[in-house]
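Q: Here it is: the structure, laid out below.
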Amino acid sequence: MGRVSEQTADGVRQRNLARILRLVHLEGPLSRAVLTETTGLNRSTIADLVSQLAQQGLVQEHAPDRSRRVGRPSPVVAVDPRVLTIAVNPEVDALTIAAVGLDRGIPIRERIDLDHLIGPEETAALVAERISAWRAAELADARIVAVALAVPGLVRAADGLVRNAPHLGWTDAPIRDLVAEATGLPTVVGNDASLGAIAEHLYGAARGIDNIVYLNGGASGIGGGLIVHGMPVAGAGGYAGEFGQNRPGIASDRDRRARDGALEDEVSRARLLAVVGRPSADEPTLAALLEATTLPDAIAELARQRGILATALANAVNVLNPSVVVLGGFLATIAERDLDGLTAAVGAHAMPASMEGLAIRVAVLAENRLLIGAAEAAFADLLADPGVLGAAAG
């Protein structure tokens, strides 16, 4: 019985450590007093738990701002920003790699422009090379927990195998194992849009909302993610949310550009780049070009794509009845051009009851949404059990 009681006590302590770490990770710096009130634990227990997390290098305590409180202020607990993951997003035109902190800070972010389709082996080699260079310089005092990849394709949930990333040309690519071997770090892989949905749910345009449809527009096309009752919906194999592969309803043949094409063939970043005369551009640059454009062809193309997107969104609203639809990437750029008009167009196709209370929003995490979502996946084991971060991390 003694050993069982000891194991039970250890389990309770592990859960409480995880609870404290997750709170300051999700909410930002919190005082010990707030942690006491939120968790229902007593002050001495909170002090003990925070002390252990600090000894593990996971949190830091700061002196409170005495000017803002009456009486004896409580110390403020914050995650240690030196605890990092490496987030990676391979695309058809670039490989983006960033260090993302447990505090969601991004001390380093690099976009490596490509003139060819990057393969899994080259991806792993470039990630390992950048980590090695950063460890010798900017991240010399960092503790790197893991690597996470946000891939524009179908990712098997069981083992991170990329079954098909058609625009990258990847089929059954063991990218998780390749990156883990190249870097020596635990590695996780997820669909880029599904990870973006999680990021916007936790920290962005849909924070605190439990029923969400998220559509991501990237260089590889359109993907999606679902949050239902506050939980991500992955599907049986992890492939849910592929809105870009649906066939949109297009009322006029004059508006059709790809015969029998999918949504991502009609609502396309490549088509937007073409009408502003650019072969490639990152998200902020493309958004600025489209915002400033007075070219009739560009304005007409934006309107055409907005109308087709509205039909696709109406189908999603009718089927899933979300509280919020969040649009990221170039879809956010299309929406922002006339958000009220897009909402009205969705309403014209959707059931009135499903439109009640619906909000259509753009992703507020902007070009970092996929990286932050990937980092969240990489931090999952640590947040569940703070004891997993051992001396090997770094």
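By order in the structure tokens, chains are A, B, ...; within a chain, residues start at 1; ligands start at 1, following the order shown.
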Counting only C-alpha atoms, what are the residues of segment 311-368 of chain A within 10 Å of segment 224-238 of chain A, and for each of them which pair of atoms is the nearest and at what distance in Å, to one decimal? Sort the table by chain and rising number, as JSON lines.

A:
{"residue": "A:Leu320", "atom": "CA", "partner": "A:Val228", "partner_atom": "CA", "distance": 8.8}
{"residue": "A:Asn321", "atom": "CA", "partner": "A:Val228", "partner_atom": "CA", "distance": 9.9}
{"residue": "A:Pro322", "atom": "CA", "partner": "A:Val228", "partner_atom": "CA", "distance": 8.1}
{"residue": "A:Ser323", "atom": "CA", "partner": "A:Val228", "partner_atom": "CA", "distance": 9.9}
{"residue": "A:Val325", "atom": "CA", "partner": "A:Leu226", "partner_atom": "CA", "distance": 9.7}
{"residue": "A:Val326", "atom": "CA", "partner": "A:Gly225", "partner_atom": "CA", "distance": 9.7}
{"residue": "A:Leu327", "atom": "CA", "partner": "A:Gly224", "partner_atom": "CA", "distance": 9.2}
{"residue": "A:Gly328", "atom": "CA", "partner": "A:Gly224", "partner_atom": "CA", "distance": 9.6}

Q: Among segment 22-92 of chain A, which ones does DSSP place in strand (DSSP E or B), written as a short mmCIF file (atom, residue, chain, number, x, y, z; two decimals) with C-alpha atoms, in the first residue's frame?

A:
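File selection21.cif, as written:
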data_model
loop_
_atom_site.label_atom_id
_atom_site.label_comp_id
_atom_site.auth_asym_id
_atom_site.auth_seq_id
_atom_site.Cartn_x
_atom_site.Cartn_y
_atom_site.Cartn_z
CA LEU A 30 0.82 35.03 -13.76
CA SER A 31 1.33 35.90 -10.13
CA VAL A 59 9.90 28.92 -15.44
CA GLN A 60 11.32 32.10 -14.01
CA GLU A 61 10.05 34.23 -11.14
CA HIS A 62 10.06 38.00 -11.35
CA VAL A 76 5.14 36.72 -10.98
CA VAL A 77 5.75 33.35 -12.65
CA ALA A 78 6.63 33.18 -16.37
CA VAL A 79 7.92 30.44 -18.64
CA VAL A 83 13.04 26.74 -23.75
CA LEU A 84 12.44 26.44 -27.49
CA THR A 85 11.23 24.26 -30.31
CA ILE A 86 12.29 24.47 -33.94
CA ALA A 87 9.24 24.90 -36.20
CA VAL A 88 9.51 24.12 -39.91
CA ASN A 89 7.17 24.77 -42.84
CA PRO A 90 8.26 23.32 -46.20
#

Q: Residues of segment 98-169 of chain A in helix (DSSP H, G or I) according to DSSP, as a list in words?

A: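 So the helix (DSSP H, G or I) residues in segment 98-169 of chain A would be Pro120, Glu121, Glu122, Thr123, Ala124, Ala125, Leu126, Val127, Ala128, Glu129, Arg130, Ile131, Ser132, Ala133, Trp134 and Arg135 of chain A.
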
Q: What is the atom CA of Gly341 of chain A-atom CA of Gly307 of chain A distance in Å, reported with one decimal?

A: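 Taking atom CA of Gly341 of chain A and atom CA of Gly307 of chain A, their separation equals 9.4 Å.
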
Q: Using only C-alpha atoms, can you tell me which of A:Ala146, A:Ala240, A:Leu168, A:Ile131 comes closest to Asp381 of chain A?

A: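 Answer, going by the shortest atom-to-atom distance: A:Ala146.
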
Q: Could you check how far atom CA of Ile212 of chain A sits from atom CA of Val324 of chain A, in Å to one decimal?

A: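 We find that atom CA of Ile212 of chain A and atom CA of Val324 of chain A lie 5.1 Å from each other.
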
Q: Report as a Markdown table: every residue of segment 105-154 of chain A with an atom at most 12 Å from segment 42-58 of chain A, its closest pair of atoms, and their distance in Å to one decimal, counting only C-alpha atoms, with rows sorted by chain and ascending residue number.

A:
| residue | atom | partner | partner_atom | distance |
| --- | --- | --- | --- | --- |
| A:Asp141 | CA | A:Gly57 | CA | 11.5 |
| A:Ala142 | CA | A:Gly57 | CA | 10.5 |
| A:Arg143 | CA | A:Gly57 | CA | 9.0 |
| A:Ile144 | CA | A:Leu58 | CA | 11.8 |
| A:Val145 | CA | A:Leu58 | CA | 11.1 |

Q: Need the shell around Val147 of chain A: protein/DNA/RNA residues with any atom at most 12 Å away, counting only C-alpha atoms. Skip same-chain ones fewer than 4 positions apart. Format as a PyMOL selection string?

A: chain A and resi 84-89+97-101+124+127-128+130-131+143+175-190+371+374-380+393-394

Q: Leaving out Ala384 of chain A and any residue of its chain fewer than 3 positions from it, which residues lie within 10 Å of it when counting only C-alpha atoms, given as an MDAnalysis selection string?

A: chainID A and resid 14:15 17:19 21:22 379:381 387:388

Q: Between atom CA of Thr38 of chain A and atom CA of Ile20 of chain A, what is the distance in Å, rounded to a tenth?

A: 9.6 Å
